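Structure file run.pdb with PDB, C-alpha atoms:
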ATOM      1  CA  MET A   1      17.244 -28.333   8.636  1.00  0.00           C
ATOM      2  CA  SER A   2      15.261 -26.336  11.230  1.00  0.00           C
ATOM      3  CA  PRO A   3      11.459 -26.633  11.548  1.00  0.00           C
ATOM      4  CA  ALA A   4      11.189 -23.135  10.062  1.00  0.00           C
ATOM      5  CA  ASP A   5      13.268 -24.159   7.035  1.00  0.00           C
ATOM      6  CA  GLY A   6      11.105 -27.237   6.571  1.00  0.00           C
ATOM      7  CA  GLY A   7       7.976 -25.088   6.678  1.00  0.00           C
ATOM      8  CA  ARG A   8       9.364 -22.692   4.084  1.00  0.00           C
ATOM      9  CA  THR A   9      10.335 -25.615   1.837  1.00  0.00           C
ATOM     10  CA  ALA A  10       6.834 -27.091   2.092  1.00  0.00           C
ATOM     11  CA  ASP A  11       5.259 -23.711   1.326  1.00  0.00           C
ATOM     12  CA  SER A  12       7.591 -23.285  -1.638  1.00  0.00           C
ATOM     13  CA  THR A  13       6.651 -26.713  -3.000  1.00  0.00           C
ATOM     14  CA  ARG A  14       2.932 -26.015  -2.576  1.00  0.00           C
ATOM     15  CA  THR A  15       3.310 -22.726  -4.426  1.00  0.00           C
ATOM     16  CA  LYS A  16       5.221 -24.416  -7.250  1.00  0.00           C
ATOM     17  CA  LEU A  17       2.450 -26.989  -7.577  1.00  0.00           C
ATOM     18  CA  LEU A  18      -0.292 -24.344  -7.535  1.00  0.00           C
ATOM     19  CA  GLU A  19       1.428 -22.286 -10.207  1.00  0.00           C
ATOM     20  CA  GLY A  20       2.346 -25.421 -12.149  1.00  0.00           C
ATOM     21  CA  ALA A  21      -1.300 -26.461 -12.182  1.00  0.00           C
ATOM     22  CA  LEU A  22      -2.362 -23.069 -13.525  1.00  0.00           C
ATOM     23  CA  ARG A  23       0.298 -23.163 -16.239  1.00  0.00           C
ATOM     24  CA  THR A  24      -0.679 -26.692 -17.210  1.00  0.00           C
ATOM     25  CA  LEU A  25      -4.338 -25.704 -17.511  1.00  0.00           C
ATOM     26  CA  ALA A  26      -3.517 -22.679 -19.645  1.00  0.00           C
ATOM     27  CA  GLU A  27      -0.980 -24.403 -21.897  1.00  0.00           C
ATOM     28  CA  GLN A  28      -2.304 -27.967 -22.168  1.00  0.00           C
ATOM     29  CA  GLY A  29      -5.962 -27.777 -21.164  1.00  0.00           C
ATOM     30  CA  ILE A  30      -8.075 -29.430 -18.504  1.00  0.00           C
ATOM     31  CA  ALA A  31      -8.013 -32.819 -20.251  1.00  0.00           C
ATOM     32  CA  LYS A  32      -4.235 -33.084 -19.885  1.00  0.00           C
ATOM     33  CA  ALA A  33      -3.955 -31.693 -16.364  1.00  0.00           C
ATOM     34  CA  SER A  34      -2.663 -34.929 -14.825  1.00  0.00           C
ATOM     35  CA  ALA A  35      -0.461 -35.282 -11.755  1.00  0.00           C
ATOM     36  CA  ARG A  36       2.493 -36.113 -14.001  1.00  0.00           C
ATOM     37  CA  ALA A  37       1.949 -33.110 -16.281  1.00  0.00           C
ATOM     38  CA  ILE A  38       1.520 -30.698 -13.384  1.00  0.00           C
ATOM     39  CA  ALA A  39       4.559 -32.048 -11.521  1.00  0.00           C
ATOM     40  CA  THR A  40       6.671 -31.787 -14.672  1.00  0.00           C
ATOM     41  CA  THR A  41       5.601 -28.185 -15.213  1.00  0.00           C
ATOM     42  CA  ALA A  42       6.264 -27.388 -11.550  1.00  0.00           C
ATOM     43  CA  GLY A  43       9.628 -29.136 -11.591  1.00  0.00           C
ATOM     44  CA  VAL A  44       8.853 -31.396  -8.625  1.00  0.00           C
ATOM     45  CA  ASN A  45       8.274 -35.097  -7.953  1.00  0.00           C
ATOM     46  CA  GLN A  46       4.838 -36.377  -8.963  1.00  0.00           C
ATOM     47  CA  ALA A  47       4.280 -37.912  -5.522  1.00  0.00           C
ATOM     48  CA  LEU A  48       4.275 -34.419  -4.001  1.00  0.00           C
ATOM     49  CA  VAL A  49       0.951 -33.690  -5.704  1.00  0.00           C
ATOM     50  CA  PHE A  50      -0.711 -36.292  -3.498  1.00  0.00           C
ATOM     51  CA  TYR A  51       1.405 -35.500  -0.434  1.00  0.00           C
ATOM     52  CA  HIS A  52       0.352 -31.845  -0.387  1.00  0.00           C
ATOM     53  CA  PHE A  53      -3.149 -31.981  -1.892  1.00  0.00           C
ATOM     54  CA  GLY A  54      -4.402 -35.561  -1.764  1.00  0.00           C
ATOM     55  CA  SER A  55      -5.662 -35.608  -5.352  1.00  0.00           C
ATOM     56  CA  VAL A  56      -5.372 -33.784  -8.653  1.00  0.00           C
ATOM     57  CA  ASP A  57      -8.907 -32.401  -8.231  1.00  0.00           C
ATOM     58  CA  GLU A  58      -7.982 -30.903  -4.874  1.00  0.00           C
ATOM     59  CA  LEU A  59      -4.856 -29.360  -6.377  1.00  0.00           C
ATOM     60  CA  LEU A  60      -6.800 -27.857  -9.298  1.00  0.00           C
ATOM     61  CA  SER A  61      -9.390 -26.473  -6.901  1.00  0.00           C
ATOM     62  CA  ALA A  62      -6.719 -24.881  -4.702  1.00  0.00           C
ATOM     63  CA  ALA A  63      -4.886 -23.560  -7.766  1.00  0.00           C
ATOM     64  CA  CYS A  64      -8.052 -21.887  -9.029  1.00  0.00           C
ATOM     65  CA  ARG A  65      -8.506 -20.027  -5.755  1.00  0.00           C
ATOM     66  CA  HIS A  66      -4.798 -19.200  -5.598  1.00  0.00           C
ATOM     67  CA  GLY A  67      -4.831 -17.788  -9.124  1.00  0.00           C
ATOM     68  CA  ALA A  68      -7.931 -15.670  -8.505  1.00  0.00           C
ATOM     69  CA  GLU A  69      -6.460 -14.256  -5.298  1.00  0.00           C
ATOM     70  CA  GLN A  70      -3.257 -13.337  -7.127  1.00  0.00           C
ATOM     71  CA  ARG A  71      -5.077 -11.619  -9.999  1.00  0.00           C
ATOM     72  CA  VAL A  72      -7.473  -9.682  -7.758  1.00  0.00           C
ATOM     73  CA  ALA A  73      -4.590  -8.550  -5.544  1.00  0.00           C
ATOM     74  CA  ARG A  74      -2.818  -7.266  -8.660  1.00  0.00           C
ATOM     75  CA  TYR A  75      -5.651  -4.855  -9.439  1.00  0.00           C
ATOM     76  CA  ARG A  76      -7.029  -4.017  -5.977  1.00  0.00           C
ATOM     77  CA  THR A  77      -5.161  -0.720  -5.614  1.00  0.00           C
ATOM     78  CA  ARG A  78      -6.226   0.461  -9.059  1.00  0.00           C
ATOM     79  CA  LEU A  79      -9.837  -0.503  -8.385  1.00  0.00           C
ATOM     80  CA  ALA A  80      -9.735   1.415  -5.110  1.00  0.00           C
ATOM     81  CA  GLY A  81      -8.722   4.542  -7.021  1.00  0.00           C
ATOM     82  CA  ILE A  82     -11.635   4.485  -9.483  1.00  0.00           C
ATOM     83  CA  GLY A  83     -13.916   7.462  -8.929  1.00  0.00           C
ATOM     84  CA  SER A  84     -16.545   7.235 -11.671  1.00  0.00           C
ATOM     85  CA  LEU A  85     -18.418   4.832 -13.923  1.00  0.00           C
ATOM     86  CA  THR A  86     -16.419   6.182 -16.864  1.00  0.00           C
ATOM     87  CA  GLU A  87     -13.169   5.251 -15.138  1.00  0.00           C
ATOM     88  CA  LEU A  88     -14.558   1.791 -14.343  1.00  0.00           C
ATOM     89  CA  LEU A  89     -15.372   1.168 -18.002  1.00  0.00           C
ATOM     90  CA  ALA A  90     -11.912   2.361 -19.070  1.00  0.00           C
ATOM     91  CA  PHE A  91     -10.289   0.153 -16.457  1.00  0.00           C
ATOM     92  CA  GLY A  92     -12.253  -2.854 -17.760  1.00  0.00           C
ATOM     93  CA  ARG A  93     -10.759  -2.385 -21.234  1.00  0.00           C
ATOM     94  CA  GLU A  94      -7.236  -2.038 -19.844  1.00  0.00           C
ATOM     95  CA  MET A  95      -7.606  -5.092 -17.626  1.00  0.00           C
ATOM     96  CA  HIS A  96      -8.958  -7.141 -20.527  1.00  0.00           C
ATOM     97  CA  ASP A  97      -5.862  -6.356 -22.591  1.00  0.00           C
ATOM     98  CA  GLU A  98      -3.526  -7.110 -19.683  1.00  0.00           C
ATOM     99  CA  GLU A  99      -5.245 -10.380 -18.793  1.00  0.00           C
ATOM    100  CA  ARG A 100      -5.179 -11.556 -22.398  1.00  0.00           C
ATOM    101  CA  ALA A 101      -1.462 -10.783 -22.691  1.00  0.00           C
ATOM    102  CA  ALA A 102      -0.803 -12.674 -19.435  1.00  0.00           C
ATOM    103  CA  GLY A 103      -2.557 -15.812 -20.721  1.00  0.00           C
ATOM    104  CA  GLN A 104      -5.409 -15.493 -18.269  1.00  0.00           C
ATOM    105  CA  VAL A 105      -8.069 -15.662 -20.983  1.00  0.00           C
ATOM    106  CA  ALA A 106      -6.966 -19.164 -21.985  1.00  0.00           C
ATOM    107  CA  LEU A 107      -6.827 -20.181 -18.342  1.00  0.00           C
ATOM    108  CA  LEU A 108     -10.330 -18.884 -17.644  1.00  0.00           C
ATOM    109  CA  GLY A 109     -11.672 -20.852 -20.596  1.00  0.00           C
ATOM    110  CA  GLN A 110     -10.161 -24.062 -19.263  1.00  0.00           C
ATOM    111  CA  LEU A 111     -11.463 -23.449 -15.738  1.00  0.00           C
ATOM    112  CA  LEU A 112     -14.985 -22.838 -16.987  1.00  0.00           C
ATOM    113  CA  ALA A 113     -14.813 -25.918 -19.218  1.00  0.00           C
ATOM    114  CA  GLY A 114     -13.580 -28.077 -16.351  1.00  0.00           C
ATOM    115  CA  ALA A 115     -16.196 -26.669 -13.974  1.00  0.00           C
ATOM    116  CA  GLN A 116     -18.941 -28.251 -16.088  1.00  0.00           C
ATOM    117  CA  THR A 117     -17.885 -31.739 -14.986  1.00  0.00           C
ATOM    118  CA  HIS A 118     -15.714 -31.256 -11.878  1.00  0.00           C
ATOM    119  CA  ASP A 119     -17.745 -30.231  -8.822  1.00  0.00           C
ATOM    120  CA  ARG A 120     -14.721 -29.099  -6.814  1.00  0.00           C
ATOM    121  CA  LEU A 121     -13.484 -27.009  -9.720  1.00  0.00           C
ATOM    122  CA  LYS A 122     -16.967 -25.545 -10.143  1.00  0.00           C
ATOM    123  CA  ALA A 123     -17.014 -24.394  -6.519  1.00  0.00           C
ATOM    124  CA  ALA A 124     -13.477 -23.011  -6.742  1.00  0.00           C
ATOM    125  CA  THR A 125     -14.155 -21.177 -10.013  1.00  0.00           C
ATOM    126  CA  SER A 126     -17.297 -19.660  -8.531  1.00  0.00           C
ATOM    127  CA  ALA A 127     -15.362 -18.588  -5.430  1.00  0.00           C
ATOM    128  CA  GLY A 128     -12.706 -17.017  -7.644  1.00  0.00           C
ATOM    129  CA  LEU A 129     -15.287 -15.043  -9.591  1.00  0.00           C
ATOM    130  CA  ASP A 130     -16.839 -13.925  -6.304  1.00  0.00           C
ATOM    131  CA  LEU A 131     -13.531 -12.289  -5.381  1.00  0.00           C
ATOM    132  CA  TRP A 132     -13.848 -10.107  -8.480  1.00  0.00           C
ATOM    133  CA  ILE A 133     -17.516  -9.381  -7.800  1.00  0.00           C
ATOM    134  CA  VAL A 134     -16.752  -8.141  -4.288  1.00  0.00           C
ATOM    135  CA  GLU A 135     -14.165  -5.664  -5.612  1.00  0.00           C
ATOM    136  CA  ILE A 136     -16.421  -4.437  -8.429  1.00  0.00           C
ATOM    137  CA  GLU A 137     -19.325  -4.001  -6.012  1.00  0.00           C
ATOM    138  CA  LYS A 138     -17.131  -1.828  -3.781  1.00  0.00           C
ATOM    139  CA  VAL A 139     -16.442   0.442  -6.738  1.00  0.00           C
ATOM    140  CA  LEU A 140     -20.111   0.647  -7.698  1.00  0.00           C
ATOM    141  CA  GLU A 141     -21.193   1.414  -4.134  1.00  0.00           C
ATOM    142  CA  ARG A 142     -18.684   4.267  -4.149  1.00  0.00           C
ATOM    143  CA  VAL A 143     -19.458   5.825  -7.535  1.00  0.00           C
ATOM    144  CA  LEU A 144     -23.172   5.186  -8.165  1.00  0.00           C
ATOM    145  CA  PRO A 145     -24.527   7.569  -5.488  1.00  0.00           C
ATOM    146  CA  GLY A 146     -22.994  10.471  -7.415  1.00  0.00           C
ATOM    147  CA  THR A 147     -24.933   9.627 -10.575  1.00  0.00           C
ATOM    148  CA  PRO A 148     -28.635   9.925 -11.516  1.00  0.00           C
ATOM    149  CA  PHE A 149     -28.792   6.098 -11.535  1.00  0.00           C
ATOM    150  CA  GLY A 150     -27.771   5.420  -7.942  1.00  0.00           C
ATOM    151  CA  GLU A 151     -31.202   4.898  -6.394  1.00  0.00           C
ATOM    152  CA  PHE A 152     -32.358   2.690  -9.258  1.00  0.00           C
ATOM    153  CA  THR A 153     -29.429   0.271  -9.352  1.00  0.00           C
ATOM    154  CA  ASP A 154     -28.705  -2.833  -7.300  1.00  0.00           C
ATOM    155  CA  SER A 155     -24.927  -2.616  -6.958  1.00  0.00           C
ATOM    156  CA  GLY A 156     -24.614  -6.318  -6.084  1.00  0.00           C
ATOM    157  CA  GLY A 157     -26.618  -7.439  -9.102  1.00  0.00           C
ATOM    158  CA  LEU A 158     -24.825  -4.989 -11.376  1.00  0.00           C
ATOM    159  CA  ALA A 159     -21.449  -6.224 -10.122  1.00  0.00           C
ATOM    160  CA  ARG A 160     -22.432  -9.746 -11.117  1.00  0.00           C
ATOM    161  CA  ALA A 161     -23.629  -8.521 -14.506  1.00  0.00           C
ATOM    162  CA  VAL A 162     -20.293  -6.768 -15.059  1.00  0.00           C
ATOM    163  CA  ALA A 163     -18.349  -9.906 -14.085  1.00  0.00           C
ATOM    164  CA  ALA A 164     -20.528 -12.098 -16.317  1.00  0.00           C
ATOM    165  CA  SER A 165     -20.056  -9.694 -19.225  1.00  0.00           C
ATOM    166  CA  PHE A 166     -16.300  -9.731 -18.740  1.00  0.00           C
ATOM    167  CA  VAL A 167     -16.228 -13.533 -18.707  1.00  0.00           C
ATOM    168  CA  GLY A 168     -18.407 -13.650 -21.817  1.00  0.00           C
ATOM    169  CA  LEU A 169     -16.174 -11.236 -23.703  1.00  0.00           C
ATOM    170  CA  GLU A 170     -13.068 -13.162 -22.698  1.00  0.00           C
ATOM    171  CA  LEU A 171     -14.493 -16.388 -24.128  1.00  0.00           C
ATOM    172  CA  TYR A 172     -16.105 -14.710 -27.138  1.00  0.00           C
ATOM    173  CA  GLU A 173     -12.770 -13.271 -28.178  1.00  0.00           C
ATOM    174  CA  GLY A 174     -11.440 -16.792 -28.687  1.00  0.00           C
ATOM    175  CA  VAL A 175     -13.877 -17.453 -31.547  1.00  0.00           C
ATOM    176  CA  ASP A 176     -14.503 -13.923 -32.858  1.00  0.00           C
ATOM    177  CA  PRO A 177     -11.760 -11.426 -31.996  1.00  0.00           C
ATOM    178  CA  ALA A 178     -13.251  -8.746 -34.233  1.00  0.00           C
ATOM    179  CA  GLY A 179     -16.667  -9.153 -32.636  1.00  0.00           C
ATOM    180  CA  ALA A 180     -15.196  -8.937 -29.135  1.00  0.00           C
ATOM    181  CA  GLY A 181     -13.294  -5.821 -30.181  1.00  0.00           C
ATOM    182  CA  ALA A 182     -16.505  -4.262 -31.467  1.00  0.00           C
ATOM    183  CA  ALA A 183     -18.223  -5.055 -28.163  1.00  0.00           C
ATOM    184  CA  LEU A 184     -15.398  -3.386 -26.225  1.00  0.00           C
ATOM    185  CA  ASP A 185     -15.574  -0.368 -28.540  1.00  0.00           C
ATOM    186  CA  ALA A 186     -19.308  -0.152 -27.819  1.00  0.00           C
ATOM    187  CA  LEU A 187     -18.546  -0.107 -24.097  1.00  0.00           C
ATOM    188  CA  GLU A 188     -16.154   2.775 -24.685  1.00  0.00           C
ATOM    189  CA  GLN A 189     -18.926   4.641 -26.497  1.00  0.00           C
ATOM    190  CA  LEU A 190     -21.195   3.933 -23.530  1.00  0.00           C
ATOM    191  CA  GLY A 191     -18.486   5.402 -21.347  1.00  0.00           C
ATOM    192  CA  ILE A 192     -18.646   8.640 -23.350  1.00  0.00           C
ATOM    193  CA  LEU A 193     -22.408   8.831 -22.775  1.00  0.00           C
ATOM    194  CA  VAL A 194     -21.994   8.124 -19.065  1.00  0.00           C
ATOM    195  CA  ALA A 195     -19.290  10.804 -18.841  1.00  0.00           C
ATOM    196  CA  ALA A 196     -21.648  13.303 -20.469  1.00  0.00           C
ATOM    197  CA  LEU A 197     -24.335  12.502 -17.902  1.00  0.00           C
ATOM    198  CA  GLU A 198     -21.854  12.695 -15.054  1.00  0.00           C
ATOM    199  CA  GLY A 199     -20.830  16.144 -16.280  1.00  0.00           C
ATOM    200  CA  LEU A 200     -24.354  17.549 -16.152  1.00  0.00           C
ATOM    201  CA  GLY A 201     -25.294  19.898 -13.349  1.00  0.00           C
ATOM    202  CA  PRO A 202     -27.633  19.185 -10.431  1.00  0.00           C
ATOM    203  CA  VAL A 203     -30.729  20.480 -12.261  1.00  0.00           C
ATOM    204  CA  ALA A 204     -30.157  18.044 -15.130  1.00  0.00           C
ATOM    205  CA  HIS A 205     -29.483  15.227 -12.638  1.00  0.00           C
ATOM    206  CA  ARG A 206     -32.806  15.906 -10.941  1.00  0.00           C
ATOM    207  CA  ALA A 207     -34.549  15.844 -14.306  1.00  0.00           C
ATOM    208  CA  VAL A 208     -32.988  12.476 -15.183  1.00  0.00           C
ATOM    209  CA  ARG A 209     -33.929  11.050 -11.778  1.00  0.00           C
ATOM    210  CA  HIS A 210     -37.498  12.308 -12.187  1.00  0.00           C
ATOM    211  CA  HIS A 211     -37.763  10.632 -15.588  1.00  0.00           C
ATOM    212  CA  LEU A 212     -36.332   7.380 -14.207  1.00  0.00           C
ATOM    213  CA  ARG A 213     -38.744   7.433 -11.262  1.00  0.00           C
ATOM    214  CA  ARG A 214     -41.677   7.827 -13.617  1.00  0.00           C
ATOM    215  CA  ALA A 215     -40.392   5.022 -15.840  1.00  0.00           C
ATOM    216  CA  ALA A 216     -39.993   2.808 -12.776  1.00  0.00           C
ATOM    217  CA  GLY A 217     -43.479   3.671 -11.512  1.00  0.00           C
ATOM    218  CA  ARG A 218     -42.188   5.552  -8.473  1.00  0.00           C
ATOM    219  CA  GLY A 219     -44.033   8.734  -9.177  1.00  0.00           C
TER
END
In C-alpha cells, how does this file's structure come out?
Amino acid sequence: MSPADGGRTADSTRTKLLEGALRTLAEQGIAKASARAIATTAGVNQALVFYHFGSVDELLSAACRHGAEQRVARYRTRLAGIGSLTELLAFGREMHDEERAAGQVALLGQLLAGAQTHDRLKAATSAGLDLWIVEIEKVLERVLPGTPFGEFTDSGGLARAVAASFVGLELYEGVDPAGAGAALDALEQLGILVAALEGLGPVAHRAVRHHLRRAAGRG
C-alpha cells in the first residue's frame, strides 16, 4: 500500500466514525453513544475510535462539527439565492421539513441534551450553530437594506434570534407537533405581511421609516 492509499484509508475510517457517531446519537441517544456502539454503527473496530480521536468525547465533538458543516454546505447555494425576507421565511419552512425528514431534528435534540453536561460537546454544538448564524447573517445583510427595517435592525442579533427560534421549534415539535405547526403557519402569515410591506412604493417606505424613527426616539 502506498502512503497515499494509507492516507485515503485513514480519512475513510475517520469519516465512517464521524458519521457513525452522528447516527448513533440520532438513533440511540447520547446516553448510549459508547465507543462500542459507535464502532458497530460505523462498521469498524472499536479500537479505531481511540486511535483516531483519543476518546469518545473527542469523537462526538468532531462529529458535531462535521455534521454541521455538511448540513450548512447542503443549503449554502440556496441561501445565497435568497433575495427578500419573504423568501427567507419560506426557505425556513422548507428547511425545517427537510431536516425533520433527514432525522436531523432528533440529532439536534441529542446534541443539545449532551451539551448540558459535556463541555467539549457544548463547544462543538455552539460552533455548529455559529455556522448557521453566519449564513443567515449574510442573507439579512443582503436583504434588510431594501426594506423599511434595515436601519433599525442588528443583522447579527437577528441572525441569532432566527437560529434560536429554529432550534426551539425543532425541539418543540417533539412534544407538540400541532403547536409547532401552528407556529410555522404564523411565520408564513408574517411572511405575507412582510411581502406586502416590501411591495409598497418608496413614499410608503419613507412613511414607515419615519414612524419607526419616532418610535425609536430618533426624531
Excluding Leu48 of chain A and residues on its chain fewer than 3 positions from it, collect all residues at most 10 Å away from it, counting only C-alpha atoms, and give them as a PyMOL selection string.
chain A and resi 10+13-14+17+35+39+44-45+51-54
Might you spell out which residues the PyMOL selection byres ((chain A and resi 127) around 12) would select in the displayed file, as a list of chain:residue names?
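Evaluating the PyMOL selection byres ((chain A and resi 127) around 12) on these coordinates yields A:Ser61, A:Ala62, A:Ala63, A:Cys64, A:Arg65, A:His66, A:Gly67, A:Ala68, A:Glu69, A:Ala115, A:Arg120, A:Leu121, A:Lys122, A:Ala123, A:Ala124, A:Thr125, A:Ser126, A:Gly128, A:Leu129, A:Asp130, A:Leu131, A:Trp132, A:Ile133, A:Val134.
Between atom CA of Gly199 of chain A and atom CA of Ala183 of chain A the separation is 24.4 Å.
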Would you please work out which residue, of A:Thr147, A:Arg93, A:Gln110, A:Glu137, is nearest to Ala182 of chain A when using all atoms listed in the file?
A:Arg93
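Going from atom CA of Lys138 of chain A over to atom CA of Ala102 of chain A, you cover 25.1 Å.
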For the file shown, what are the residues hit by the PyMOL selection byres ((chain A and resi 156) around 10), laid out as JSON, numbers by chain?
{"A": [133, 134, 136, 137, 138, 140, 141, 153, 154, 155, 157, 158, 159, 160, 161, 162]}
So the first atom is atom CA of Leu171 of chain A and the second is atom CA of Ser34 of chain A; what is the distance between them in Å, to one decimal place?
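Atom CA of Leu171 of chain A sits 23.9 Å away from atom CA of Ser34 of chain A.
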Please identify all polymer residues within 6 Å of Ile38 of chain A, counting all atoms listed in the file, omitting same-chain residues fewer than 4 positions from it, and present them as a PDB file with C-alpha atoms, in the frame of the given file.
ATOM      1  CA  GLY A  20       2.346 -25.421 -12.149  1.00  0.00           C
ATOM      2  CA  ALA A  21      -1.300 -26.461 -12.182  1.00  0.00           C
ATOM      3  CA  THR A  24      -0.679 -26.692 -17.210  1.00  0.00           C
TER       4      THR A  24
END
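Restricting the calculation to only C-alpha atoms, the smallest distance between Ala163 of chain A and any of A:Ala80, A:Ala196, A:His96, A:Gly29 is found for A:His96.
Nearest to Leu22 of chain A of all the residues A:Leu108, A:Val167, A:Phe50, A:Gln116 is A:Leu108, counting only C-alpha atoms.
Note on the selection: in this file the PyMOL selection byres ((chain A and resi 84-90) around 9) comes out as Leu79, Ile82, Gly83, Phe91, Gly92, Arg93, Glu94, Met95, Ile136, Val139, Leu140, Arg142, Val143, Leu144, Gly146, Thr147, Leu187, Glu188, Leu190, Gly191, Ile192, Leu193, Val194, Ala195 and Glu198 of chain A.
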Using only C-alpha atoms, which residue out of A:Leu18, A:Ile30, A:Ser12, A:Glu170 lies closest to Glu98 of chain A?
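Under the stated criterion, the closest residue is A:Glu170.
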As JSON, what would the box around segment 135-153 of chain A look like: edges along x, y and z, 3 Å added on every side, centre and edge lengths in Å to one decimal?
{"center_x": -23.3, "center_y": 2.4, "center_z": -7.7, "size_x": 24.2, "size_y": 22.1, "size_z": 13.8}
Which of these residues is nearest to Arg214 of chain A, using only C-alpha atoms: A:Phe152, A:Leu197, A:Asp57, A:His118?
A:Phe152
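With distances restricted to all atoms listed in the file, A:Gly114 is the closest residue to Leu60 of chain A from A:Gly81, A:Gly114, A:Gly43, A:Gly109.
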All residues 10 Å or closer to Ala106 of chain A, only C-alpha atoms, same chain fewer than 5 positions away omitted, as an MDAnalysis selection string
chainID A and resid 25:29 99:100 111 170:171 174
Extract segment 110-127 of chain A from the coordinates I pasted, and write it as a PDB file, in the first residue's frame (atoms kept: N, CA and C atoms).
ATOM      1  N   GLN A 110     -30.462  15.507  20.743  1.00  0.00           N
ATOM      2  CA  GLN A 110     -29.457  14.763  21.494  1.00  0.00           C
ATOM      3  C   GLN A 110     -28.197  15.597  21.725  1.00  0.00           C
ATOM      4  N   LEU A 111     -27.806  16.381  20.723  1.00  0.00           N
ATOM      5  CA  LEU A 111     -26.625  17.234  20.883  1.00  0.00           C
ATOM      6  C   LEU A 111     -26.855  18.282  21.965  1.00  0.00           C
ATOM      7  N   LEU A 112     -28.024  18.888  21.962  1.00  0.00           N
ATOM      8  CA  LEU A 112     -28.318  19.911  22.959  1.00  0.00           C
ATOM      9  C   LEU A 112     -28.424  19.297  24.354  1.00  0.00           C
ATOM     10  N   ALA A 113     -28.975  18.089  24.431  1.00  0.00           N
ATOM     11  CA  ALA A 113     -29.058  17.407  25.729  1.00  0.00           C
ATOM     12  C   ALA A 113     -27.658  17.078  26.243  1.00  0.00           C
ATOM     13  N   GLY A 114     -26.815  16.554  25.357  1.00  0.00           N
ATOM     14  CA  GLY A 114     -25.460  16.199  25.766  1.00  0.00           C
ATOM     15  C   GLY A 114     -24.621  17.409  26.114  1.00  0.00           C
ATOM     16  N   ALA A 115     -24.895  18.540  25.452  1.00  0.00           N
ATOM     17  CA  ALA A 115     -24.112  19.756  25.700  1.00  0.00           C
ATOM     18  C   ALA A 115     -24.307  20.302  27.110  1.00  0.00           C
ATOM     19  N   GLN A 116     -25.373  19.895  27.779  1.00  0.00           N
ATOM     20  CA  GLN A 116     -25.618  20.371  29.144  1.00  0.00           C
ATOM     21  C   GLN A 116     -24.595  19.820  30.134  1.00  0.00           C
ATOM     22  N   THR A 117     -24.021  18.662  29.817  1.00  0.00           N
ATOM     23  CA  THR A 117     -23.090  18.022  30.753  1.00  0.00           C
ATOM     24  C   THR A 117     -21.716  17.729  30.161  1.00  0.00           C
ATOM     25  N   HIS A 118     -21.564  17.852  28.846  1.00  0.00           N
ATOM     26  CA  HIS A 118     -20.281  17.581  28.199  1.00  0.00           C
ATOM     27  C   HIS A 118     -19.718  18.894  27.653  1.00  0.00           C
ATOM     28  N   ASP A 119     -18.658  19.399  28.272  1.00  0.00           N
ATOM     29  CA  ASP A 119     -18.108  20.693  27.866  1.00  0.00           C
ATOM     30  C   ASP A 119     -17.641  20.700  26.422  1.00  0.00           C
ATOM     31  N   ARG A 120     -16.963  19.621  25.991  1.00  0.00           N
ATOM     32  CA  ARG A 120     -16.489  19.585  24.609  1.00  0.00           C
ATOM     33  C   ARG A 120     -17.663  19.590  23.637  1.00  0.00           C
ATOM     34  N   LEU A 121     -18.713  18.859  23.967  1.00  0.00           N
ATOM     35  CA  LEU A 121     -19.877  18.817  23.103  1.00  0.00           C
ATOM     36  C   LEU A 121     -20.586  20.166  23.101  1.00  0.00           C
ATOM     37  N   LYS A 122     -20.566  20.847  24.236  1.00  0.00           N
ATOM     38  CA  LYS A 122     -21.168  22.187  24.301  1.00  0.00           C
ATOM     39  C   LYS A 122     -20.459  23.129  23.338  1.00  0.00           C
ATOM     40  N   ALA A 123     -19.125  23.123  23.372  1.00  0.00           N
ATOM     41  CA  ALA A 123     -18.358  23.999  22.489  1.00  0.00           C
ATOM     42  C   ALA A 123     -18.592  23.645  21.021  1.00  0.00           C
ATOM     43  N   ALA A 124     -18.643  22.348  20.728  1.00  0.00           N
ATOM     44  CA  ALA A 124     -18.822  21.914  19.341  1.00  0.00           C
ATOM     45  C   ALA A 124     -20.228  22.238  18.840  1.00  0.00           C
ATOM     46  N   THR A 125     -21.229  22.058  19.695  1.00  0.00           N
ATOM     47  CA  THR A 125     -22.603  22.385  19.310  1.00  0.00           C
ATOM     48  C   THR A 125     -22.739  23.872  19.058  1.00  0.00           C
ATOM     49  N   SER A 126     -22.134  24.676  19.919  1.00  0.00           N
ATOM     50  CA  SER A 126     -22.158  26.126  19.736  1.00  0.00           C
ATOM     51  C   SER A 126     -21.473  26.519  18.433  1.00  0.00           C
ATOM     52  N   ALA A 127     -20.332  25.888  18.141  1.00  0.00           N
ATOM     53  CA  ALA A 127     -19.618  26.184  16.897  1.00  0.00           C
ATOM     54  C   ALA A 127     -20.458  25.794  15.684  1.00  0.00           C
TER      55      ALA A 127
END
